[in-house]
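Accompanying notes for the structure given below.
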Amino acid sequence: MILTDAQKLNYERDGFLIYGSILLKKELGDLRQRIDALASGEHCNAEKIGVRLEAAVQTRELQSVSRRDKVWQLLDPHLHDDMLFKHANNPKILDVVAELIGTEDIKLFHTQTLMKPAFHGSIVSWHQDSAYWTSISPSALVSCWTALDDATEENGCVRMLSGSYKKGLWPHDRRDFLHTQGVDASKATPVILKAGGCSFHHSLTVHGSFENKTPYRRRGLVTSYMRADSNWVGDTENKPDFPLLRGQEYPDCV
Ligand SMILES: O=C(O)CCC(=O)C(=O)O
């Protein structure tokens, strides 16, 4: 058992857990370099990775910054980079995930980086991950959010709404992204982390983050996991080949 009783109780109550340090110093340095190489376009597979740019790029406000600092999100970078796949498979993370999802049979659902460049990193609106991930049932995935820079209130750390996962899927509006209404931001907990630390959250926990107005970057690496006996309820022909990270596969499951 990795988690203390108090940590498990906190997760059950809140739907998230501010865990603390998970990366060695060298792992942190290597991951930072790798993410930057992908964002700047220097990585040999950079063109294969889905990228979303800061909203201000569309309005031409960010012409003078480097390509690296225009990037807001990298989608599933583990598909094209071994170091990022190795991070998703980090046994220290999987040990915690196994306890939170209640099984050693673990599949990787998705990875992403959410970068908030200095001065202009934009918000992530209040949402539940399962509002996006409707092809997986039950809606009970767990994400690990690893800080590649110190995440502070000032630079736009993630904020989580305690207990929100217990109310099932909240209604969401779709604009560019999904938004859920009725969140009292003053009640959300800021997930303050040192670089190399991480938090875990349930896929029904309402969360979001504010802008980064500081001169310091805020990079987060998110790895999301599900039970291998979860069901795929999307179109059969669109089902990705989700990698098994631990334990066993189940027939007719993800
Ligand atoms: O990094 C952020 O600001 C938001 C993170 C997020 O939405 C997530 O981890 O699901």
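Chains: A, B, ... in order of the structure tokens. Residues: from 1 per chain. Ligands: from 1, in order shown.
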Produce as an MDAnalysis selection string the set of residues near ligand 1, where near means within 7 Å with only C-alpha atoms and all ligand atoms considered.
chainID A and resid 114 123:124 129 143 145 156:158 207:209 220 222
Applying 10 Å and only C-alpha atoms, which residues near A:Ala98 remain after dropping the ones on its own chain fewer than 6 positions away? List them as a list in words.
Met1, Ile2, Glu104, Asp105, Ile106, Val142, Tyr225, Met226, Arg227 and Arg246 of chain A
Between atom CA of A:His78 and atom CA of A:Arg52, measure the distance and give it in Å to one decimal.
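Computing it gives 16.1 Å between the two atoms.
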Leaving out A:Val51 and any residue of its chain fewer than 3 positions from it, which residues lie within 10 Å of it when counting only C-alpha atoms, given as a short mmCIF file (atom, residue, chain, number, x, y, z; two decimals) with C-alpha atoms, in the first residue's frame?
data_model
loop_
_atom_site.label_atom_id
_atom_site.label_comp_id
_atom_site.auth_asym_id
_atom_site.auth_seq_id
_atom_site.Cartn_x
_atom_site.Cartn_y
_atom_site.Cartn_z
CA LEU A 38 8.20 19.16 -29.07
CA ALA A 39 6.67 22.61 -28.59
CA ALA A 46 7.08 17.34 -33.52
CA GLU A 47 4.97 17.58 -36.68
CA LYS A 48 3.15 14.34 -35.83
CA GLU A 54 -2.69 30.07 -27.27
CA VAL A 71 1.85 26.44 -27.60
CA TRP A 72 -0.95 25.86 -25.11
CA GLN A 73 -1.51 22.10 -25.43
CA LEU A 74 0.26 19.05 -26.86
CA LEU A 75 -2.07 16.08 -27.44
CA ASP A 76 -0.98 12.49 -26.76
CA PRO A 77 2.76 13.20 -27.07
CA GLN A 112 -1.36 15.84 -22.79
CA THR A 113 0.74 18.78 -21.72
#
Check the smallest atom-to-atom distance from each of A:Cys253, A:Ile136, A:Ala147, A:Leu204 to A:Lys167 using only C-alpha atoms, then report the winner.
A:Leu204
Which of these, A:Cys44, A:Ile192, A:Tyr132, A:Leu94, has the shortest distance to A:Gly234 once you count only C-alpha atoms?
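Of A:Cys44, A:Ile192, A:Tyr132, A:Leu94, the one nearest A:Gly234, counting only C-alpha atoms, is A:Tyr132.
Distance check against A:Asp81 using only C-alpha atoms: of A:Cys144, A:Ile93, A:Ile49, A:Leu24, the minimum falls on A:Ile49.
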Would you please extract all strand (DSSP E) residues from stretch 41-191 of chain A, as assigned by DSSP on the backbone, and give them as number ranges by chain?
A: 50-53, 71-75, 106-116, 124-127, 136-137, 142-147, 158-160, 172-174, 178-180, 189-190
Name the residues of stretch 32-239 of chain A that come out as helix (DSSP H, G or I) in a backbone DSSP run; write them as a VMD selection string.
chain A and resid 32 to 40 46 to 48 55 to 58 67 to 70 77 to 79 82 to 88 91 to 101 129 to 132 164 to 167 185 to 187 236 to 238
With C-alpha atoms kept, could you save the residues just selected as a PDB file, in the first residue's frame?
ATOM      1  CA  ARG A  32      11.264  19.698 -19.507  1.00  0.00           C
ATOM      2  CA  GLN A  33      13.754  19.530 -22.379  1.00  0.00           C
ATOM      3  CA  ARG A  34      11.665  16.989 -24.256  1.00  0.00           C
ATOM      4  CA  ILE A  35       8.447  18.970 -23.944  1.00  0.00           C
ATOM      5  CA  ASP A  36      10.201  22.120 -25.077  1.00  0.00           C
ATOM      6  CA  ALA A  37      11.679  20.323 -28.090  1.00  0.00           C
ATOM      7  CA  LEU A  38       8.197  19.163 -29.073  1.00  0.00           C
ATOM      8  CA  ALA A  39       6.670  22.613 -28.587  1.00  0.00           C
ATOM      9  CA  SER A  40       9.454  24.438 -30.423  1.00  0.00           C
ATOM     10  CA  ALA A  46       7.083  17.339 -33.516  1.00  0.00           C
ATOM     11  CA  GLU A  47       4.969  17.579 -36.677  1.00  0.00           C
ATOM     12  CA  LYS A  48       3.147  14.337 -35.831  1.00  0.00           C
ATOM     13  CA  ALA A  55      -5.896  31.911 -28.173  1.00  0.00           C
ATOM     14  CA  ALA A  56      -3.894  35.146 -28.557  1.00  0.00           C
ATOM     15  CA  VAL A  57      -2.027  33.605 -31.523  1.00  0.00           C
ATOM     16  CA  GLN A  58      -5.303  33.660 -33.497  1.00  0.00           C
ATOM     17  CA  ARG A  67       6.962  29.053 -31.446  1.00  0.00           C
ATOM     18  CA  ARG A  68       7.562  27.233 -28.133  1.00  0.00           C
ATOM     19  CA  ASP A  69       5.755  29.971 -26.211  1.00  0.00           C
ATOM     20  CA  LYS A  70       2.766  30.012 -28.530  1.00  0.00           C
ATOM     21  CA  PRO A  77       2.764  13.200 -27.066  1.00  0.00           C
ATOM     22  CA  HIS A  78       3.471   9.687 -25.661  1.00  0.00           C
ATOM     23  CA  LEU A  79       2.497   8.265 -29.066  1.00  0.00           C
ATOM     24  CA  ASP A  82       9.555   7.171 -25.733  1.00  0.00           C
ATOM     25  CA  MET A  83      10.441   9.356 -22.748  1.00  0.00           C
ATOM     26  CA  LEU A  84       6.865  10.570 -22.461  1.00  0.00           C
ATOM     27  CA  PHE A  85       5.535   7.033 -22.750  1.00  0.00           C
ATOM     28  CA  LYS A  86       8.003   5.994 -20.034  1.00  0.00           C
ATOM     29  CA  HIS A  87       6.690   8.784 -17.810  1.00  0.00           C
ATOM     30  CA  ALA A  88       3.092   7.556 -18.327  1.00  0.00           C
ATOM     31  CA  PRO A  91       5.738   2.763 -11.489  1.00  0.00           C
ATOM     32  CA  LYS A  92       5.468   5.402  -8.770  1.00  0.00           C
ATOM     33  CA  ILE A  93       2.465   6.898 -10.564  1.00  0.00           C
ATOM     34  CA  LEU A  94       0.928   3.513 -11.401  1.00  0.00           C
ATOM     35  CA  ASP A  95       1.187   2.348  -7.771  1.00  0.00           C
ATOM     36  CA  VAL A  96      -0.999   5.268  -6.710  1.00  0.00           C
ATOM     37  CA  VAL A  97      -3.362   4.915  -9.688  1.00  0.00           C
ATOM     38  CA  ALA A  98      -3.882   1.198  -8.879  1.00  0.00           C
ATOM     39  CA  GLU A  99      -5.080   2.138  -5.417  1.00  0.00           C
ATOM     40  CA  LEU A 100      -7.322   4.933  -6.645  1.00  0.00           C
ATOM     41  CA  ILE A 101      -9.029   2.907  -9.400  1.00  0.00           C
ATOM     42  CA  ASP A 129     -12.758  15.320 -18.005  1.00  0.00           C
ATOM     43  CA  SER A 130     -15.502  12.708 -18.433  1.00  0.00           C
ATOM     44  CA  ALA A 131     -17.607  15.309 -20.280  1.00  0.00           C
ATOM     45  CA  TYR A 132     -14.989  14.941 -23.045  1.00  0.00           C
ATOM     46  CA  SER A 164     -17.965  17.646  -7.214  1.00  0.00           C
ATOM     47  CA  TYR A 165     -17.316  14.156  -8.612  1.00  0.00           C
ATOM     48  CA  LYS A 166     -20.025  12.718  -6.368  1.00  0.00           C
ATOM     49  CA  LYS A 167     -22.787  14.479  -8.336  1.00  0.00           C
ATOM     50  CA  ALA A 185     -14.561  29.709  -7.924  1.00  0.00           C
ATOM     51  CA  SER A 186     -13.939  30.906  -4.382  1.00  0.00           C
ATOM     52  CA  LYS A 187     -14.675  27.354  -3.169  1.00  0.00           C
ATOM     53  CA  THR A 236     -16.349   0.407 -32.590  1.00  0.00           C
ATOM     54  CA  GLU A 237     -14.333   1.442 -35.638  1.00  0.00           C
ATOM     55  CA  ASN A 238     -12.938   4.486 -33.791  1.00  0.00           C
TER      56      ASN A 238
END
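Nearest residue to A:Ser230, choosing from A:Leu62, A:Ala140, A:Leu23, A:Leu53 and counting only C-alpha atoms: A:Ala140.
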Could you tell me which of A:Gln248, A:Thr205, A:Ser122, A:Gln128 comes closest to A:Arg217 if we count only C-alpha atoms?
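Of A:Gln248, A:Thr205, A:Ser122, A:Gln128, the one nearest A:Arg217, counting only C-alpha atoms, is A:Ser122.
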